[in-house]
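*Asks:* Please read through the structure below; I'll follow up with questions.
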There are 2 protein chains.
Amino acid sequence: MPKKVPHRLYLTEDQMPKQWYNLRADMKELPEPLLNPATLKPVKLEELYPVFCEELAKQEMDNTTRYFDIPEEIQDFYKMYRPSPLIRAYNLEKALDTPAKIYYKFEGNNTSGSHKLNSAIAQVYYAKKQGLKGLTTETGAGQWGTALAEACSYYKLPLTVYMVKVSYEQKPFRKTVMQTFGAEIIPSPSNTTNVGRMILEKDPNTGGSLGCAISEAIEKAVSTEGYRYVLGSVLNQVLLHQSIIGLESKIAMEMLDEYPDVVIGSAGGGSNLGGLIAPFMQDKLLGKANPRIVAVEPASCPSFTRGKYAYDFCDTGKVTPLAKMYTLGCSFIPSANHAGGLRYHGMAPILSKLYHDGYMEAVSVEQTKVFEAAVFFAKQETILPAPESAHAIRVAIDEALKCKESGEAKTILFGLTGTGYFDMTAYGSYLNGTMTDYIPTDEDLQKGFDQLPQIPEE
Amino acid sequence: MPKKVPHRLYLTEDQMPKQWYNLRADMKELPEPLLNPATLKPVKLEELYPVFCEELAKQEMDNTTRYFDIPEEIQDFYKMYRPSPLIRAYNLEKALDTPAKIYYKFEGNNTSGSHKLNSAIAQVYYAKKQGLKGLTTETGAGQWGTALAEACSYYKLPLTVYMVKVSYEQKPFRKTVMQTFGAEIIPSPSNTTNVGRMILEKDPNTGGSLGCAISEAIEKAVSTEGYRYVLGSVLNQVLLHQSIIGLESKIAMEMLDEYPDVVIGSAGGGSNLGGLIAPFMQDKLLGKANPRIVAVEPASCPSFTRGKYAYDFCDTGKVTPLAKMYTLGCSFIPSANHAGGLRYHGMAPILSKLYHDGYMEAVSVEQTKVFEAAVFFAKQETILPAPESAHAIRVAIDEALKCKESGEAKTILFGLTGTGYFDMTAYGSYLNGTMTDYIPTDEDLQKGFDQLPQIPEE
């Protein structure tokens with residue numbers, strides 16, 4: 001008899017993972033190394049120390065350690081909001097009249113409103129342990145900034161957040177949440193950094209970009225004694241911390257004698273996607289199972305589906321090392337009508353490599369279709385999803401509808417990364433019919449590609 | 001050896017309560033009956049049918065049935081967002097350096113952001129079962145309106161929400177959430193009802209009040225074929241549905257071999273408080289235990305602590321039956337600087353009776369102290385509480401600090417009814433120091449008391 005599947009399955013504290021999983025340890029071919037942009041040589045560990053705290057730099061460079069013990073203090077913090085539930089979408093299945101079994105891992109039930117807290121607390125823990133005096137970061141939609149503000153408040157570590165100006169102005173409440181947790185919020189570009197002043201001089205009315213906010217946050221960190229910079233996505237260390245999502249999901253599914261035929265995640269910089277798929281991708285790399293793994297990105301910021309796999313800067317100001325990744329060029333900024341997050345010009349190097357090597361699929365979706373899925377989902381499952389998360393919902397629904405046609409009872413797992421409570425302006429524009437789509441033309445994209453750094457062949 | 005207490009305890013689906021508990025069945029003396037304002041005779045069941053759906057009217061009048069089976073469909077809906085966790089506030093305890101053990105029942109992890117969904121789904125279920133064509137209601141802070149919009153969307157039942165105008169204007173995002181779930185939102189007072197037009201004629205610039213929105217919603221319901229009115233607090237039926245909060249809490253505490261010395265709940269109309277305390281009050285009524293039970297209300301809307309125990313209308317427009325309750329008079333409107341909910345002029349008749357008979361304590365707190373507690377709590381426990389919920393937090397902290405002084409290791413249980421994501425304007429004003437307190441003078445209150453209906457002695 002098949003096991004009775006509850007609507008929501010929570011692991012007990014004893015069942016929660018005590019280690020993070022490092023995908024790189026099982027990859028047949030590793031991602032290309034970071035390069036120093038001046039020398040074009042692989043970056044050495046010590047070169048990262050002025051920017052990242054030491055333990056995190058080590059995690060960033062470690063391609064061999066398969067499992068990292070989660071420090072007990074971080075485990076204890078996780079217990080304040082984890083485990084997150086694995087939810088069986090009974091009502092969504094019914095509404096779609098599909099034979100598919102749909103599961104989602106819901107990471108939004110914490111005040112950051114997303115999975116970002118999983119890496120934020122880890123990064124702040126190591127920073128505190130190293131005796132640092134403060135941190136800087138950037139935030140776009142605000143989920144990462146909120147998560148980091150919570151973590152810094154917990155460890156009483158000062159935090160300066162460069163918030164993309166257009167978000168700062170459109171999401172004043174996000175700003176207030178971060179301030180409630182004691183963070184200092186600066187709209188970016190700002191005149192607190194050289195790179196900010198330079199950008200403002202060129203275009204005083206710019207709404208800013210994530211790449212620009214990163215540049216400012218790094219400059220501030222390296223120029224302030226005892227400060228370091230932290231980032232909520234893209235990096236190897238972030239995917240490592242976020243593996244908790246996939247590890248919990250896999251344990252929960254095993255308890256139900258289930259295994260996903262397809263795993264679907266929204267993809268911006270890759271933090272949620274990389275975390276969700278980690279143990280399933282491991283099975284795939286080790287030949288133990290062969291689930292389909294699908295990345296979903298906005299049609300307005302299509303780094304996987306239309307980007308180049310090339311070395312590029314991680315920021316607009318070109319102060320970071322070069323990373324080999326799918327990229328639209330570090331000057332790329334999604335069009336102004338793009339709502340929510342998933343607006344980074346590149347994609348995590350680990351995921352880029354896996355995609356390049358054929359281990360994953362990627363699709364892009366237009367935002368009106370995304371919001372259509374979001375509203376439909378909310379009405380069935382009573383959770384108002386973040387626009388970012390709704391990208392995965394869109395494709396999960398599409399997959400379930402294909403099952404309806406084919407009559408296949410596939411098992412679908414997707415990541416519901418967060419809630420949309422601070423995205424009501426975007427929901428409002430969808431509801432009143434003023435939301436538009438935008439797909440960059442090939443010419444638009446070429447401008448970004450033209451600026452990719454030239455790396456001589458070895 | 002004492003049991004290891006997890007940070008968060010979730011019941012399994014099997015452990016979830018399958019019945020609601022009706023406090024009235026165990027009360028030594030019952031609350032006074034509702035009176036027909038025209039005849040001053042007790043209201044008969046049938047007289048409620050034009051306003052309430054029949055099954056709910058029966059629940060409203062039933063003083064003897066101790067347990068009501070929760071219909072299976074409602075149990076299934078509950079499983080989409082329940083059980084809510086019982087949380088041990090380890091970090092708050094540590095920050096307060098108190099020997100007290102602090103537990104809280106967290107009802108905010110659903111899109112309505114509060115416990116209101118527990119009664120909303122029940123009321124909509126019975127309405128649907130009766131074949132009604134639509135519902136009307138009012139909302140102030142917006143949690144009830146959102147919960148009802150979710151429930152109506154689930155059952156595809158049209159909903160019209162009269163939203164207190166000042167909230168409608170100050171909380172546009174709440175409005176959008178309700179619209180996402182398909183509800184029609186009308187700022188109150190409006191020109192869609194006689195009572196609304198009357199109030200607007202007297203004061204075209206009024207920001208409205210909960211009592212006025214209730215009058216409009218009732219008028220709309222009784223004048224629209226197949227429509228009924230539903231209410232999110234105050235009523236006996238609502239306290240019945242909300243007993244799920246206390247029942248779950250008690251089961252969870254029993255699993256931990258714990259029993260609260262003091263149970264603390266925020267009190268507006270009484271829905272959360274009545275639900276949270278239900279099984280603990282039962283123990284008290286039956287002489288099985290004697291926990292302290294503490295209601296916390298805003299100093300700006302002090303119905304328990306400064307109101308009169310008297311018959312009064314439940315709405316401003318004086319269209320409802322008369323209820324015997326602690327009241328500030330149905331014309332009372334909290335001062336404009338009052339943030340968030342807990343702004344109703346009266347208190348649930350069941351709770352009013354229990355308070356009058358000495359089974360409960362009540363305290364009032366000023367809002368700057370409430371927000372101070374909210375921010376402190378958020379920093380320790382990573383949850384941003386609703387202003388309403390923070391009233392209970394304030395007193396839980398005060399009780400824990402008393403324990404620190406006395407060295408007593410008391411067990412404190414409080415209700416964390418919801419999250420504050422739509423209250424960032426209020427948080428902002430607290431953070432920037434512009435938030436003020438207001439305590440009505442005796443003269444202010446006397447104006448409300450002067451208008452209480454005169455009921456001749458029997």
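All residue names refer to the structure tokens as shown: chains lettered A, B, ... in order, residues numbered from 1 in each chain, ligands numbered from 1 in order.
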Taking the backbone alone, and naming residues the way the document does, which bits of region 255-447 of chain B are strand (DSSP E) by DSSP, as number ranges by chain?
*Replies:* B: 262-266, 292-298, 308-313, 322-327, 361-365, 411-416
*Asks:* Keeping N, CA, C and O atoms, export the residues of the selection given above as a CSV table (one decimal), in the first residue's frame.
*Replies:*
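Ended up saving to out-v4.csv:
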```
chain,number,residue,atom,x,y,z
B,262,VAL,N,1.0,30.7,32.9
B,262,VAL,CA,0.3,31.9,32.4
B,262,VAL,C,0.1,31.9,30.9
B,262,VAL,O,1.0,31.5,30.2
B,263,VAL,N,-1.1,32.2,30.5
B,263,VAL,CA,-1.4,32.2,29.0
B,263,VAL,C,-1.8,33.7,28.7
B,263,VAL,O,-2.6,34.3,29.3
B,264,ILE,N,-1.1,34.2,27.6
B,264,ILE,CA,-1.2,35.6,27.3
B,264,ILE,C,-1.7,35.8,25.9
B,264,ILE,O,-1.1,35.2,25.0
B,265,GLY,N,-2.7,36.6,25.7
B,265,GLY,CA,-3.2,36.8,24.3
B,265,GLY,C,-3.6,38.3,24.1
B,265,GLY,O,-4.1,38.9,25.0
B,266,SER,N,-3.3,38.7,22.9
B,266,SER,CA,-3.7,40.0,22.5
B,266,SER,C,-5.3,40.0,22.3
B,266,SER,O,-5.8,39.0,21.9
B,292,ARG,N,-2.9,31.4,35.1
B,292,ARG,CA,-3.3,32.8,34.9
B,292,ARG,C,-3.6,33.0,33.5
B,292,ARG,O,-2.9,32.5,32.6
B,293,ILE,N,-4.7,33.8,33.2
B,293,ILE,CA,-5.0,34.1,31.8
B,293,ILE,C,-5.1,35.6,31.6
B,293,ILE,O,-5.8,36.2,32.4
B,294,VAL,N,-4.3,36.1,30.7
B,294,VAL,CA,-4.1,37.5,30.6
B,294,VAL,C,-4.4,38.0,29.2
B,294,VAL,O,-3.8,37.6,28.2
B,295,ALA,N,-5.4,39.0,29.2
B,295,ALA,CA,-5.7,39.6,27.9
B,295,ALA,C,-4.9,40.9,27.9
B,295,ALA,O,-4.8,41.7,28.8
B,296,VAL,N,-4.4,41.2,26.7
B,296,VAL,CA,-3.6,42.5,26.5
B,296,VAL,C,-4.3,43.3,25.4
B,296,VAL,O,-4.5,42.8,24.3
B,297,GLU,N,-4.6,44.5,25.8
B,297,GLU,CA,-5.3,45.4,24.8
B,297,GLU,C,-4.5,46.7,24.7
B,297,GLU,O,-3.7,47.1,25.6
B,298,PRO,N,-4.8,47.5,23.6
B,298,PRO,CA,-4.1,48.8,23.4
B,298,PRO,C,-4.7,49.8,24.4
B,298,PRO,O,-5.9,49.8,24.7
B,308,LYS,N,-17.3,49.6,29.9
B,308,LYS,CA,-18.4,49.2,30.8
B,308,LYS,C,-18.9,47.9,30.3
B,308,LYS,O,-19.0,47.6,29.1
B,309,TYR,N,-19.3,47.0,31.3
B,309,TYR,CA,-20.0,45.8,31.0
B,309,TYR,C,-21.5,46.0,30.8
B,309,TYR,O,-22.2,46.2,31.8
B,310,ALA,N,-21.9,46.1,29.6
B,310,ALA,CA,-23.2,46.6,29.3
B,310,ALA,C,-23.7,46.1,28.0
B,310,ALA,O,-22.9,45.7,27.1
B,311,TYR,N,-25.0,46.2,27.8
B,311,TYR,CA,-25.6,45.9,26.4
B,311,TYR,C,-25.2,47.0,25.5
B,311,TYR,O,-25.4,48.2,25.8
B,312,ASP,N,-24.8,46.6,24.3
B,312,ASP,CA,-24.5,47.7,23.3
B,312,ASP,C,-24.6,47.1,21.9
B,312,ASP,O,-24.7,45.8,21.7
B,313,PHE,N,-24.7,47.9,20.9
B,313,PHE,CA,-24.7,47.5,19.5
B,313,PHE,C,-23.3,47.0,19.1
B,313,PHE,O,-22.3,47.5,19.7
B,322,LEU,N,-28.3,43.6,20.2
B,322,LEU,CA,-27.5,44.1,21.3
B,322,LEU,C,-26.8,42.9,22.0
B,322,LEU,O,-27.3,41.9,22.2
B,323,ALA,N,-25.5,43.2,22.3
B,323,ALA,CA,-24.7,42.1,23.0
B,323,ALA,C,-24.2,42.7,24.3
B,323,ALA,O,-23.9,43.9,24.4
B,324,LYS,N,-24.3,41.9,25.4
B,324,LYS,CA,-23.7,42.3,26.6
B,324,LYS,C,-22.2,42.0,26.6
B,324,LYS,O,-21.8,40.9,26.5
B,325,MET,N,-21.5,43.1,26.7
B,325,MET,CA,-20.0,43.0,26.6
B,325,MET,C,-19.3,44.2,27.2
B,325,MET,O,-20.0,45.2,27.5
B,326,TYR,N,-18.0,44.0,27.4
B,326,TYR,CA,-17.3,45.2,27.8
B,326,TYR,C,-17.2,46.1,26.5
B,326,TYR,O,-16.8,45.6,25.5
B,327,THR,N,-17.6,47.3,26.7
B,327,THR,CA,-17.7,48.2,25.5
B,327,THR,C,-17.3,49.6,25.8
B,327,THR,O,-17.4,50.1,27.0
B,361,GLU,N,-7.5,38.1,33.7
B,361,GLU,CA,-6.9,39.4,34.0
B,361,GLU,C,-6.9,40.2,32.6
B,361,GLU,O,-6.9,39.6,31.6
B,362,ALA,N,-6.8,41.5,32.7
B,362,ALA,CA,-6.6,42.3,31.5
B,362,ALA,C,-5.6,43.4,31.8
B,362,ALA,O,-5.7,44.0,32.9
B,363,VAL,N,-4.8,43.7,30.9
B,363,VAL,CA,-3.9,44.9,31.0
B,363,VAL,C,-3.9,45.6,29.7
B,363,VAL,O,-4.2,45.0,28.6
B,364,SER,N,-3.6,46.9,29.8
B,364,SER,CA,-3.5,47.7,28.5
B,364,SER,C,-2.1,48.2,28.4
B,364,SER,O,-1.5,48.5,29.4
B,365,VAL,N,-1.7,48.3,27.2
B,365,VAL,CA,-0.3,48.8,26.9
B,365,VAL,C,-0.3,49.9,25.8
B,365,VAL,O,-1.1,49.9,24.9
B,411,THR,N,6.3,28.8,33.3
B,411,THR,CA,6.1,28.5,31.9
B,411,THR,C,5.1,29.5,31.3
B,411,THR,O,3.9,29.6,31.8
B,412,ILE,N,5.5,30.2,30.4
B,412,ILE,CA,4.7,31.3,29.7
B,412,ILE,C,4.3,30.8,28.3
B,412,ILE,O,5.1,30.4,27.6
B,413,LEU,N,3.0,30.9,28.0
B,413,LEU,CA,2.5,30.6,26.7
B,413,LEU,C,1.8,31.9,26.2
B,413,LEU,O,1.0,32.4,26.8
B,414,PHE,N,2.3,32.4,25.0
B,414,PHE,CA,1.5,33.5,24.4
B,414,PHE,C,1.2,33.2,23.0
B,414,PHE,O,1.8,32.3,22.3
B,415,GLY,N,0.2,33.9,22.4
B,415,GLY,CA,-0.2,33.7,21.1
B,415,GLY,C,0.4,34.8,20.2
B,415,GLY,O,0.3,36.0,20.4
B,416,LEU,N,1.2,34.3,19.2
B,416,LEU,CA,1.8,35.2,18.2
B,416,LEU,C,0.8,35.0,17.0
B,416,LEU,O,1.0,34.1,16.1
```
*Asks:* Identify all chain A residues at most 8 Å from chain B by counting only C-alpha atoms; ligands do not count. Present them as a PyMOL selection string.
*Replies:* chain A and resi 6-8+10+13+79-81+109-111+150+153-154+173+176-177+179-181+375+378-384+421-422+424-425+427-428+431
*Asks:* Could you tell me, as a ChimeraX atom specification, which residues of region 332-430 of chain B DSSP assigns to alpha helix (DSSP H) when given the backbone?
*Replies:* /B:349-356,367-381,387-406,424-430
*Asks:* Using only C-alpha atoms, I'd like a table of the residues in region 275-371 of chain A that come within 12 Å of region 227-231 of chain A; for each, show the closest atom pair and its distance in Å rounded to one decimal, ordered by chain and ascending number, as CSV.
*Replies:*
```
residue,atom,partner,partner_atom,distance
A:Cys314,CA,A:Leu231,CA,10.8
A:Asp315,CA,A:Leu231,CA,11.4
A:Thr320,CA,A:Tyr229,CA,11.3
A:Ala348,CA,A:Leu231,CA,11.9
```
*Asks:* Can I get the selected residues back with N, CA, C and O atoms, as a compact mmCIF listing (two decimals), in the first residue's frame?
*Replies:*
```
# COMPACT_ATOMS: atom_id res chain seq x y z
N CYS A 314 31.75 39.71 -12.43
CA CYS A 314 30.52 39.45 -11.66
C CYS A 314 29.80 40.75 -11.33
O CYS A 314 28.73 40.72 -10.74
N ASP A 315 30.36 41.88 -11.69
CA ASP A 315 29.75 43.18 -11.35
C ASP A 315 29.92 44.16 -12.49
O ASP A 315 30.73 43.97 -13.39
N THR A 320 35.52 42.70 -9.66
CA THR A 320 35.58 41.31 -9.17
C THR A 320 36.51 40.47 -10.05
O THR A 320 36.90 40.90 -11.14
N ALA A 348 25.40 31.15 -11.76
CA ALA A 348 26.41 30.48 -10.93
C ALA A 348 27.32 29.59 -11.79
O ALA A 348 26.82 28.80 -12.60
```
*Asks:* What does the distance from CA of Ser209 (chain B) to CA of Val164 (chain B) come to in Å, to one decimal?
*Replies:*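 Rounded to one decimal, the two atoms are 5.6 Å apart.
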